[in-house]
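The next block holds one structure in the form of structure tokens; read it before the comments.
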Amino acid sequence: MVSKLIKYLKENPQLVQLLQEDKLSLVGVSKWEQQAITEAMKGPMKVFSYSWRQ
Amino acid sequence: MAYKNEIVEKMKEIILLENIEESFKTTLLSYINEKKDYSMSFGELCVLHYQAFLQQKADERIIFVAAAVELLILSFDIIDDLQDGDADYLWCQDPVIAMNAVLAMLFLTVKCIQESTFPYRAQAIQVLYNFALKSINGQYLDIRNYGKDEASYLKMTEAKSGALIALSSSIGVSLAIGKVDERVTEYSICIGVVQQILNDIQGLKSWEKKNDLLNRKLSLPIIYLLEQPEQYADILRNYYKGSKKEIDTTYFKEILLESGAINYALAIKNIYQYKALHMVEAMPFSHADKTYLKTFIE
């Protein structure tokens with residue numbers, strides 16, 4: 001379930017922006033899960049990608 | 001609250017007080033020394049929960065038990081390194097001696113708790129047996145690469161890593177009140193899963209000896225890749241089956257980043273993290289204890 005949502009958000013990055021701005025809700029997931037997924041799509045990736053590309 | 005140095009000193013004391021060969025003591029002390037710069041989180045969690053449930057400051061006795069818990073964790077770490085064969089620690093140089101050291105550490109852990117003066121020491125030993133066996137079972141599932149999908153991987157990780165955090169916290173709880181607290185068990189398991197997923201992600205950053213993908217081991221980002229209907233999933237499946245001998249690491253570095261595999265692992269980690277934070281917040285602990293406990297989660 002989470003993996004499918006991540007895949008979909010990766011293919012539709014404009015939705016991530018809407019989620020981050022609270023203008024969109026994911027159906028079938030709790031508020032926590034939505035927050036967890038949204039967070040995973042932003043900040044930490046920048047931190048990881050920096051060292052990943054070394 | 002940080003008892004790291006006291007815990008390390010007590011670990012050494014446990015070895016020095018034992019009636020064993022001097023050269024064996026030297027070996028055991030050198031193993032402790034090898035990890036002395038690491039956090040003593042397991043021991044700290046034991047102390048924290050003892051204090052929080054007893055509402056009393058830590059004394060020397062609980063630091064001694066925390067040191068015993070850290071000896072148990074060290075013994076499990078050594079076994080894990082010997083089984084994986086991907087580490088360069090001192091114990092990897094002489095596995096025969098290392099296995100003997102592990103046996104000594106396991107029995108010393110139980111002995112320390114048994115010979116303590118805590119009224120609920122028998123209950124604490126029972127907690128140790130239950131969670132240690134759960135973790136050993138999780139380790140078996142990991143070696144067998146049982147975690148082939150999200151549900152089975154998380155079940156294995158909750159057992160293997162979660163049970164060791166639950167063991168540490170619950171020994172503290174049981175020494176204080178004579179029984180386990182299910183809320184502590186539940187959030188401790190979540191902490192273990194969070195730490196394991198972070199380790200898994202960290203392990204994929206380096207493309208040397210310890211990389212799970214190169215070693216054909218499964219973790220959440222790899223499970224994600226294998227589930228995709230893309231060409232890279234076919235390449236990966238063939239590599240994991242052994243029909244492909246080598247893998248293009250530059251290509252897969254990019255795939256891990258661009259496919260969403262790392263985002264996926266982070267999302268699952270966040271779900272466990274939020275659950276643990278929420279549960280800790282609801283505990284009847286002091287603000288200082290909660291704040292300190294949250295440092296193990298965030």
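Residue numbers start at 1 in each chain; chains themselves are named A, B, ... in the order of the structure tokens; ligands are numbered from 1 in the order shown.
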
Taking only C-alpha atoms into account and nothing else, which residues of chain B lie no more than 9 Å away from chain A? Please answer as a PyMOL selection string. chain B and resi 150+204-206+224+227-228+253-254+257-275

Residues within 7 Å of segment 10-18 of chain B, please, as a list in words. Count only C-alpha atoms; anything in the same chain fewer than 6 positions from it doesn't count.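 After dropping sequence-adjacent residues, the list is Lys25, Leu29, Phe64, Ala67, Ala68 and Leu71 of chain B.
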
For segment 160-164 of chain B, list every protein, DNA or RNA residue within 10 Å, evaluated using only C-alpha atoms, and leave out those in the same chain fewer than 3 positions away; present the list as a short mmCIF file (atom, residue, chain, number, x, y, z; two decimals) with C-alpha atoms, in the first residue's frame.
```
data_model
loop_
_atom_site.label_atom_id
_atom_site.label_comp_id
_atom_site.auth_asym_id
_atom_site.auth_seq_id
_atom_site.Cartn_x
_atom_site.Cartn_y
_atom_site.Cartn_z
CA PHE B 42 20.43 -0.44 25.43
CA VAL B 69 22.43 -5.88 29.21
CA LEU B 72 24.32 -9.38 26.02
CA ILE B 73 23.90 -6.90 23.15
CA PHE B 76 24.52 -10.67 19.81
CA LEU B 128 15.52 -11.50 29.31
CA ASN B 130 11.57 -14.21 26.44
CA PHE B 131 12.87 -11.25 24.44
CA ALA B 132 16.30 -12.76 23.74
CA LEU B 133 14.64 -15.85 22.23
CA LYS B 134 12.31 -13.63 20.20
CA SER B 135 15.32 -11.75 18.82
CA ILE B 136 17.21 -14.99 18.09
CA ASN B 137 14.17 -16.21 16.16
CA GLY B 138 14.11 -12.91 14.23
CA GLN B 139 17.79 -13.32 13.45
CA TYR B 140 17.06 -16.80 12.07
CA LEU B 141 14.36 -15.33 9.81
CA ASP B 142 16.82 -12.65 8.64
CA LEU B 154 8.58 -5.81 9.29
CA LYS B 155 7.57 -8.92 11.25
CA MET B 156 11.19 -10.14 11.10
CA THR B 157 12.56 -6.69 12.08
CA LEU B 167 14.42 -6.49 26.34
CA SER B 168 16.50 -3.53 27.53
CA SER B 169 13.55 -1.31 28.47
CA SER B 170 11.53 -4.14 30.01
CA THR B 185 7.09 -3.21 24.92
CA GLU B 186 5.12 -1.75 22.02
CA TYR B 187 6.99 1.54 21.67
CA SER B 188 10.34 -0.18 22.26
CA ILE B 189 9.64 -2.50 19.34
CA CYS B 190 8.84 0.58 17.23
CA ILE B 191 12.17 2.17 18.26
CA GLY B 192 13.97 -1.01 17.20
CA VAL B 193 12.29 -0.96 13.78
CA VAL B 194 13.11 2.75 13.29
CA GLN B 195 16.78 2.12 14.08
CA GLN B 196 16.93 -0.96 11.83
CA ILE B 197 15.42 0.87 8.85
#
```

Select from segment 88-233 of chain B everything DSSP, run on the backbone, classes as helix (DSSP H, G or I), then give the selection as a PyMOL selection string. chain B and resi 90-93+95-114+121-143+150-177+182-205+220-227+231-233

Using only C-alpha atoms, please write the residues we just selected to a file, as an mmCIF file, in the first residue's frame.
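File written: out-v8.cif
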```cif
data_model
loop_
_atom_site.group_PDB
_atom_site.id
_atom_site.type_symbol
_atom_site.label_atom_id
_atom_site.label_comp_id
_atom_site.auth_asym_id
_atom_site.auth_seq_id
_atom_site.Cartn_x
_atom_site.Cartn_y
_atom_site.Cartn_z
ATOM 1 C CA LEU B 90 38.514 -7.628 16.391
ATOM 2 C CA TRP B 91 36.296 -10.683 16.913
ATOM 3 C CA CYS B 92 36.168 -11.364 13.190
ATOM 4 C CA GLN B 93 39.921 -12.097 13.244
ATOM 5 C CA PRO B 95 35.924 -16.534 15.310
ATOM 6 C CA VAL B 96 36.784 -19.596 17.446
ATOM 7 C CA ILE B 97 37.777 -17.419 20.404
ATOM 8 C CA ALA B 98 34.923 -15.001 19.642
ATOM 9 C CA MET B 99 32.341 -17.791 19.968
ATOM 10 C CA ASN B 100 33.777 -18.687 23.388
ATOM 11 C CA ALA B 101 33.613 -15.027 24.400
ATOM 12 C CA VAL B 102 29.959 -14.873 23.339
ATOM 13 C CA LEU B 103 29.151 -17.868 25.549
ATOM 14 C CA ALA B 104 30.873 -16.219 28.501
ATOM 15 C CA MET B 105 29.032 -12.921 27.941
ATOM 16 C CA LEU B 106 25.640 -14.632 27.761
ATOM 17 C CA PHE B 107 26.121 -16.458 31.051
ATOM 18 C CA LEU B 108 27.669 -13.402 32.709
ATOM 19 C CA THR B 109 24.570 -11.373 31.807
ATOM 20 C CA VAL B 110 22.205 -13.803 33.527
ATOM 21 C CA LYS B 111 24.600 -14.257 36.459
ATOM 22 C CA CYS B 112 24.786 -10.491 37.073
ATOM 23 C CA ILE B 113 21.013 -10.131 37.301
ATOM 24 C CA GLN B 114 20.620 -13.331 39.342
ATOM 25 C CA ARG B 121 15.396 -10.204 39.660
ATOM 26 C CA ALA B 122 13.682 -13.519 38.805
ATOM 27 C CA GLN B 123 11.050 -11.642 36.777
ATOM 28 C CA ALA B 124 13.799 -9.669 35.016
ATOM 29 C CA ILE B 125 15.573 -12.894 34.030
ATOM 30 C CA GLN B 126 12.302 -14.230 32.624
ATOM 31 C CA VAL B 127 11.957 -11.022 30.563
ATOM 32 C CA LEU B 128 15.516 -11.502 29.309
ATOM 33 C CA TYR B 129 14.828 -15.104 28.205
ATOM 34 C CA ASN B 130 11.566 -14.211 26.437
ATOM 35 C CA PHE B 131 12.872 -11.246 24.442
ATOM 36 C CA ALA B 132 16.297 -12.759 23.744
ATOM 37 C CA LEU B 133 14.639 -15.845 22.231
ATOM 38 C CA LYS B 134 12.310 -13.633 20.201
ATOM 39 C CA SER B 135 15.316 -11.753 18.824
ATOM 40 C CA ILE B 136 17.214 -14.985 18.086
ATOM 41 C CA ASN B 137 14.167 -16.205 16.163
ATOM 42 C CA GLY B 138 14.107 -12.907 14.230
ATOM 43 C CA GLN B 139 17.795 -13.316 13.453
ATOM 44 C CA TYR B 140 17.057 -16.804 12.071
ATOM 45 C CA LEU B 141 14.364 -15.327 9.810
ATOM 46 C CA ASP B 142 16.817 -12.651 8.635
ATOM 47 C CA ILE B 143 19.551 -15.175 7.811
ATOM 48 C CA GLU B 150 6.823 -5.472 3.503
ATOM 49 C CA ALA B 151 4.730 -7.422 6.025
ATOM 50 C CA SER B 152 7.177 -10.293 6.510
ATOM 51 C CA TYR B 153 10.172 -7.933 6.569
ATOM 52 C CA LEU B 154 8.581 -5.812 9.290
ATOM 53 C CA LYS B 155 7.570 -8.919 11.249
ATOM 54 C CA MET B 156 11.189 -10.138 11.104
ATOM 55 C CA THR B 157 12.564 -6.693 12.078
ATOM 56 C CA GLU B 158 10.122 -6.296 14.967
ATOM 57 C CA ALA B 159 11.367 -9.638 16.275
ATOM 58 C CA LYS B 160 15.087 -9.254 15.566
ATOM 59 C CA SER B 161 15.685 -5.577 16.406
ATOM 60 C CA GLY B 162 12.526 -4.575 18.253
ATOM 61 C CA ALA B 163 12.825 -7.386 20.774
ATOM 62 C CA LEU B 164 16.325 -6.273 21.821
ATOM 63 C CA ILE B 165 15.118 -2.740 22.594
ATOM 64 C CA ALA B 166 12.071 -4.226 24.359
ATOM 65 C CA LEU B 167 14.415 -6.493 26.343
ATOM 66 C CA SER B 168 16.504 -3.533 27.531
ATOM 67 C CA SER B 169 13.546 -1.308 28.466
ATOM 68 C CA SER B 170 11.534 -4.140 30.005
ATOM 69 C CA ILE B 171 14.341 -5.408 32.232
ATOM 70 C CA GLY B 172 14.363 -1.913 33.762
ATOM 71 C CA VAL B 173 10.567 -1.945 34.106
ATOM 72 C CA SER B 174 10.431 -5.439 35.614
ATOM 73 C CA LEU B 175 13.164 -4.687 38.161
ATOM 74 C CA ALA B 176 11.124 -1.669 39.252
ATOM 75 C CA ILE B 177 7.589 -3.110 39.374
ATOM 76 C CA GLU B 182 2.780 -3.626 27.316
ATOM 77 C CA ARG B 183 2.980 0.051 26.305
ATOM 78 C CA VAL B 184 6.750 0.020 26.877
ATOM 79 C CA THR B 185 7.087 -3.210 24.920
ATOM 80 C CA GLU B 186 5.117 -1.752 22.023
ATOM 81 C CA TYR B 187 6.989 1.541 21.668
ATOM 82 C CA SER B 188 10.338 -0.181 22.262
ATOM 83 C CA ILE B 189 9.639 -2.504 19.344
ATOM 84 C CA CYS B 190 8.839 0.580 17.225
ATOM 85 C CA ILE B 191 12.171 2.168 18.258
ATOM 86 C CA GLY B 192 13.973 -1.008 17.201
ATOM 87 C CA VAL B 193 12.294 -0.965 13.784
ATOM 88 C CA VAL B 194 13.110 2.745 13.287
ATOM 89 C CA GLN B 195 16.782 2.116 14.080
ATOM 90 C CA GLN B 196 16.926 -0.958 11.829
ATOM 91 C CA ILE B 197 15.422 0.875 8.848
ATOM 92 C CA LEU B 198 17.893 3.733 9.337
ATOM 93 C CA ASN B 199 20.706 1.133 9.437
ATOM 94 C CA ASP B 200 19.364 -0.459 6.263
ATOM 95 C CA ILE B 201 19.348 2.902 4.455
ATOM 96 C CA GLN B 202 22.813 3.727 5.792
ATOM 97 C CA GLY B 203 24.042 0.321 4.612
ATOM 98 C CA LEU B 204 22.985 1.116 1.049
ATOM 99 C CA LYS B 205 24.981 4.346 0.932
ATOM 100 C CA LEU B 220 12.821 -2.322 2.540
ATOM 101 C CA PRO B 221 14.374 -0.280 -0.312
ATOM 102 C CA ILE B 222 15.376 -3.504 -2.097
ATOM 103 C CA ILE B 223 11.939 -5.087 -1.574
ATOM 104 C CA TYR B 224 10.465 -1.925 -3.138
ATOM 105 C CA LEU B 225 12.752 -2.208 -6.189
ATOM 106 C CA LEU B 226 11.974 -5.903 -6.655
ATOM 107 C CA GLU B 227 8.221 -5.153 -6.705
ATOM 108 C CA GLN B 231 13.647 -3.438 -16.204
ATOM 109 C CA TYR B 232 15.857 -2.784 -13.191
ATOM 110 C CA ALA B 233 13.663 -5.158 -11.139
#
```

Shell around Tyr38 of chain B at 12 Å using only C-alpha atoms, local window under 6 positions removed, as a PyMOL selection string: chain B and resi 4-5+7-8+32+70+74

With all heavy atoms retained, export the selected residues as a PDB file, in the first residue's frame.
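Result went into again30.pdb, see below:
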```pdb
ATOM      1  N   LYS B   4      26.684   6.488  29.932  1.00  0.00           N
ATOM      2  CA  LYS B   4      27.542   5.712  29.032  1.00  0.00           C
ATOM      3  C   LYS B   4      28.864   5.286  29.692  1.00  0.00           C
ATOM      4  O   LYS B   4      29.196   4.088  29.687  1.00  0.00           O
ATOM      5  CB  LYS B   4      27.818   6.533  27.771  1.00  0.00           C
ATOM      6  CG  LYS B   4      28.549   5.748  26.738  1.00  0.00           C
ATOM      7  CD  LYS B   4      29.063   6.599  25.629  1.00  0.00           C
ATOM      8  CE  LYS B   4      30.227   5.847  25.018  1.00  0.00           C
ATOM      9  NZ  LYS B   4      30.835   6.531  23.934  1.00  0.00           N
ATOM     10  N   ASN B   5      29.590   6.235  30.239  1.00  0.00           N
ATOM     11  CA  ASN B   5      30.902   5.914  30.803  1.00  0.00           C
ATOM     12  C   ASN B   5      30.808   4.945  31.977  1.00  0.00           C
ATOM     13  O   ASN B   5      31.599   4.010  32.095  1.00  0.00           O
ATOM     14  CB  ASN B   5      31.636   7.186  31.226  1.00  0.00           C
ATOM     15  CG  ASN B   5      31.992   8.040  30.033  1.00  0.00           C
ATOM     16  OD1 ASN B   5      32.057   7.545  28.906  1.00  0.00           O
ATOM     17  ND2 ASN B   5      32.189   9.322  30.250  1.00  0.00           N
ATOM     18  N   ILE B   7      28.459   2.776  32.469  1.00  0.00           N
ATOM     19  CA  ILE B   7      28.074   1.456  31.956  1.00  0.00           C
ATOM     20  C   ILE B   7      29.314   0.718  31.413  1.00  0.00           C
ATOM     21  O   ILE B   7      29.528  -0.460  31.711  1.00  0.00           O
ATOM     22  CB  ILE B   7      26.959   1.579  30.877  1.00  0.00           C
ATOM     23  CG1 ILE B   7      25.651   2.059  31.544  1.00  0.00           C
ATOM     24  CG2 ILE B   7      26.727   0.243  30.171  1.00  0.00           C
ATOM     25  CD1 ILE B   7      24.546   2.437  30.561  1.00  0.00           C
ATOM     26  N   VAL B   8      30.144   1.435  30.647  1.00  0.00           N
ATOM     27  CA  VAL B   8      31.356   0.804  30.083  1.00  0.00           C
ATOM     28  C   VAL B   8      32.271   0.330  31.218  1.00  0.00           C
ATOM     29  O   VAL B   8      32.807  -0.796  31.173  1.00  0.00           O
ATOM     30  CB  VAL B   8      32.102   1.778  29.131  1.00  0.00           C
ATOM     31  CG1 VAL B   8      33.427   1.181  28.689  1.00  0.00           C
ATOM     32  CG2 VAL B   8      31.249   2.115  27.930  1.00  0.00           C
ATOM     33  N   ILE B  32      35.123  -5.253  24.540  1.00  0.00           N
ATOM     34  CA  ILE B  32      34.363  -4.126  25.106  1.00  0.00           C
ATOM     35  C   ILE B  32      34.967  -2.815  24.592  1.00  0.00           C
ATOM     36  O   ILE B  32      34.256  -1.889  24.190  1.00  0.00           O
ATOM     37  CB  ILE B  32      34.377  -4.167  26.654  1.00  0.00           C
ATOM     38  CG1 ILE B  32      33.582  -5.382  27.147  1.00  0.00           C
ATOM     39  CG2 ILE B  32      33.821  -2.868  27.262  1.00  0.00           C
ATOM     40  CD1 ILE B  32      33.737  -5.681  28.623  1.00  0.00           C
ATOM     41  N   GLU B  70      24.236  -4.603  28.206  1.00  0.00           N
ATOM     42  CA  GLU B  70      25.140  -4.225  27.105  1.00  0.00           C
ATOM     43  C   GLU B  70      26.064  -5.393  26.726  1.00  0.00           C
ATOM     44  O   GLU B  70      26.419  -5.542  25.561  1.00  0.00           O
ATOM     45  CB  GLU B  70      25.952  -2.983  27.466  1.00  0.00           C
ATOM     46  CG  GLU B  70      25.181  -1.680  27.338  1.00  0.00           C
ATOM     47  CD  GLU B  70      24.847  -1.290  25.882  1.00  0.00           C
ATOM     48  OE1 GLU B  70      25.398  -1.879  24.946  1.00  0.00           O
ATOM     49  OE2 GLU B  70      24.018  -0.372  25.717  1.00  0.00           O
ATOM     50  N   LEU B  74      26.343  -6.914  23.073  1.00  0.00           N
ATOM     51  CA  LEU B  74      27.645  -7.093  22.418  1.00  0.00           C
ATOM     52  C   LEU B  74      27.780  -8.534  21.905  1.00  0.00           C
ATOM     53  O   LEU B  74      28.245  -8.764  20.782  1.00  0.00           O
ATOM     54  CB  LEU B  74      28.774  -6.741  23.403  1.00  0.00           C
ATOM     55  CG  LEU B  74      30.213  -6.922  22.918  1.00  0.00           C
ATOM     56  CD1 LEU B  74      30.484  -6.126  21.642  1.00  0.00           C
ATOM     57  CD2 LEU B  74      31.211  -6.482  24.005  1.00  0.00           C
TER      58      LEU B  74
END
```

How many Å lie between atom CA of Phe296 of chain B and atom CA of Glu281 of chain B, rounded to one decimal? 13.4 Å

Find the distance between atom CA of Asp59 of chain B and atom CA of Ala282 of chain B and write it in Å to one decimal.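 These atoms are spaced 26.4 Å apart.
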